[in-house]
Amino acid sequence: MIKKRFSKPPLALRGMRDILPKEQIYWDKIRKTLPKVAKDFGFKRIDTPLLEQMELFKRTVGEGTDIVEKEMYTFITKGKEKVALRPEFTASIVRAFLENGMDRWPKPVKIYSMGPLFRYERPQEGRYRQHHQLDFEIFGRKDPLVDAQIILVGAYLLKKLGITKRTKILISSIGCLECRKPYIKKLVEYFKNHKSGLCKDCKNRLKKNPLRILDCKEAACEPITNKAPKLIDSLCQECHNHFKKTLSYLEEVNLKYEIDPSLVRGLDYYNRTVFEIVARDKEGNNKYALLGGGRYDGLAEILGGKQIPAIGFGSGIERIVTELMQNQKKEKVKEKKRVFIVGFGELGKKKAFQLFNDLLSSGINLRESLGRDSIKAQLKVADKEKARLALIIGQKEALDETVILRDMQIGSQEIIPRDKILKQVKKMLRK
RNA sequence: GUGACAGUAGCUCAGCGGUAGAGCCCCGGGUUGUGGUCCCGGUUGUCGUGGGUUCAAAUCCCAUCUGUCACCCCA
């Protein structure tokens, strides 16, 4: 018979990975923290389908862009419908918002979600085709206090996760369409005048995506981008005030921020406040964004609803996990007080199995390896599992209704009557 | 989508035309029923996949897939 190992089929699963138990402990921490943070701020959970009509994202992202044409995970179903694996949360959530009449809910409507997102990209570290994000959105309020509040949610979340140390809040405003259009004209003009000094990519961006030039990392471009007109300085009066107020609210809750005019959102539906919380390395350089978001007052309208002001952020879970793993020294201190059950011989195994069952709801952290025969092999596993105590039952103990209680640290042991064992174990563990 | 490099045991890797290897992990044992150290033994591979060159390919060539890095892009 030919043994053929089943492995991930090629092509279709490029950029997909398995998340193993070792990493899951950090995911658990996020899964546990998220609802608590949500509750503290009054956010309710929503889950939307992984699949949406391709049209939804085409409309929100804008047709003809790289995002739609080469980076969206799209396919055609048996029923010949064009669908896309969701590339982001916001569009799906706004769709759900409109479809479920949430604009009639008491405002503000605060919802959060967490789950996989997909992009059809060439994978590299930290950029998988399936990745995961958590997401917070507030609908129905255009007050700048809400802008500050959503940033506070992000900062609070990171704090609860224990990764405040090397983070920084970056904030900017990209204004509204009215301030942006003339600004982009001005910007393009400026870059055209300095075109010779720009790097090759930026010359390209000049036509396609002039805003991106602003955060080009090429040394050659830096002096030019530094002196480029800033969107922040071209805001209309209303947007300017909104930004000022947002900043002052941040100060009220002691959030330190840095204004970063190079913050750009790739999508048109964003307006006014944009922000990121970035992780920094030991030297203080920005490594990558842990979360990022912004205001999108126009998105609901794009999807055929009425105008609904909204703001939110998303956060890449893989990156948070990376951060958590780096702080891991602190995490793993807690050593579990484990109790290991050993049974051997036919009768001993039976009684040990029974003891295991009896202790299940006692709150004791139990382990066993009763599938092994020898007492030696079982104690070996007990040692590997760092058990504090071992409860041993062989033929003799089974008949006498007793249990050997062995202290794995000292190596001492005593014989305890079966009906006193729970009490004795608890007593020993308290020490 | 473009370019560079890589893929050999569960993991880290050596071998680079002539019988497929090491360390770690895993499993078992070191006489009656006791772990950590030590000692002994064992399992594991279509050498990523397909084709070609050759008497002979893990080794050379081509294609392909996957990964890593950089670019494009970054919701």
# chains A, B, ... in the order shown; residues from 1 in each chain; ligands from 1
>>> interface_residues(of="chain B", to="chain A", cutoff="6 Å", atoms="only C-alpha atoms (C1' of nucleotides)", output="JSON, numbers by chain")
{"B": [35, 65, 75]}
>>> select_by_dssp(residues="segment 77-264 of chain A", states="alpha helix (DSSP H)", output="MDAnalysis selection string")
chainID A and resid 90:99 144:161 177:193 200:208 210:213 222:227 237:252
>>> residues_around(residues="C40 of chain B", least_positions_apart="5", cutoff="12 Å", atoms="only C-alpha atoms (C1' of nucleotides)", output="ChimeraX atom specification")
/B:28-30
>>> select_by_dssp(residues="segment 76-226 of chain A", states="strand (DSSP E or B)", output="CSV table (one decimal) with C-alpha atoms, in the first residue's frame")
chain,number,residue,atom,x,y,z
A,76,ILE,CA,-16.7,32.9,-8.5
A,82,LYS,CA,-18.6,37.0,-7.6
A,83,VAL,CA,-17.6,36.9,-4.0
A,84,ALA,CA,-14.6,38.0,-2.0
A,85,LEU,CA,-13.2,36.8,1.3
A,109,VAL,CA,-23.8,52.3,18.3
A,110,LYS,CA,-20.6,50.7,19.5
A,111,ILE,CA,-19.6,47.3,18.1
A,112,TYR,CA,-16.6,45.2,17.9
A,113,SER,CA,-15.5,42.0,16.1
A,114,MET,CA,-12.6,39.7,15.8
A,115,GLY,CA,-11.7,37.1,13.1
A,116,PRO,CA,-9.8,36.3,10.0
A,117,LEU,CA,-9.3,38.6,7.1
A,118,PHE,CA,-7.9,37.7,3.7
A,124,GLN,CA,6.3,37.1,3.8
A,127,ARG,CA,1.9,39.1,6.0
A,130,GLN,CA,-5.2,34.7,6.1
A,131,HIS,CA,-4.5,37.0,9.0
A,132,HIS,CA,-6.6,38.1,12.0
A,133,GLN,CA,-7.7,41.3,13.3
A,134,LEU,CA,-9.9,42.7,16.1
A,135,ASP,CA,-11.9,45.7,15.3
A,136,PHE,CA,-13.8,48.4,17.1
A,137,GLU,CA,-16.3,50.8,15.6
A,138,ILE,CA,-18.5,53.7,16.9
A,139,PHE,CA,-21.4,54.9,14.7
A,167,THR,CA,4.2,52.1,22.0
A,168,LYS,CA,3.4,55.5,20.7
A,169,ILE,CA,0.2,57.1,19.5
A,170,LEU,CA,0.5,58.8,16.1
A,171,ILE,CA,-2.3,61.0,14.9
A,172,SER,CA,-3.2,63.3,12.1
A,173,SER,CA,-6.1,64.6,10.2
>>> closest_residue(among="A:Leu145, A:Met54, A:Val68, A:Cys239", to="C73 of chain B", atoms="only C-alpha atoms (C1' of nucleotides)")
A:Val68
>>> closest_residue(among="A:Asn241, A:Asn100, A:Thr402, A:Thr164", to="Ile277 of chain A", atoms="only C-alpha atoms")
A:Thr164
>>> atom_distance(atom1="atom CA of Arg367 of chain A", atom2="atom C1' of U44 of chain B")
27.5 Å
>>> residues_around(residues="U8 of chain B", least_positions_apart="3", cutoff="12 Å", atoms="only C-alpha atoms (C1' of nucleotides)", output="PyMOL selection string")
chain B and resi 13-16+20-21+45+47-48+58-59
>>> atom_distance(atom1="atom CA of Leu211 of chain A", atom2="atom CA of Arg59 of chain A")
20.7 Å
>>> residues_around(residues="C26 of chain B", least_positions_apart="2", cutoff="12 Å", atoms="only C-alpha atoms (C1' of nucleotides)", output="list in words")
A9, G10, C11, C24, G28, G42, U43 and U44 of chain B
>>> atom_distance(atom1="atom CA of Ile184 of chain A", atom2="atom CA of Lys244 of chain A")
21.9 Å
>>> residues_around(residues="Lys245 of chain A", least_positions_apart="3", cutoff="9 Å", atoms="only C-alpha atoms (C1' of nucleotides)", output="PyMOL selection string")
chain A and resi 144-145+148+240-242+248-250
>>> closest_residue(among="A:Ile174, A:Ala310, A:Leu255, A:Leu161", to="Ile93 of chain A", atoms="only C-alpha atoms")
A:Ala310
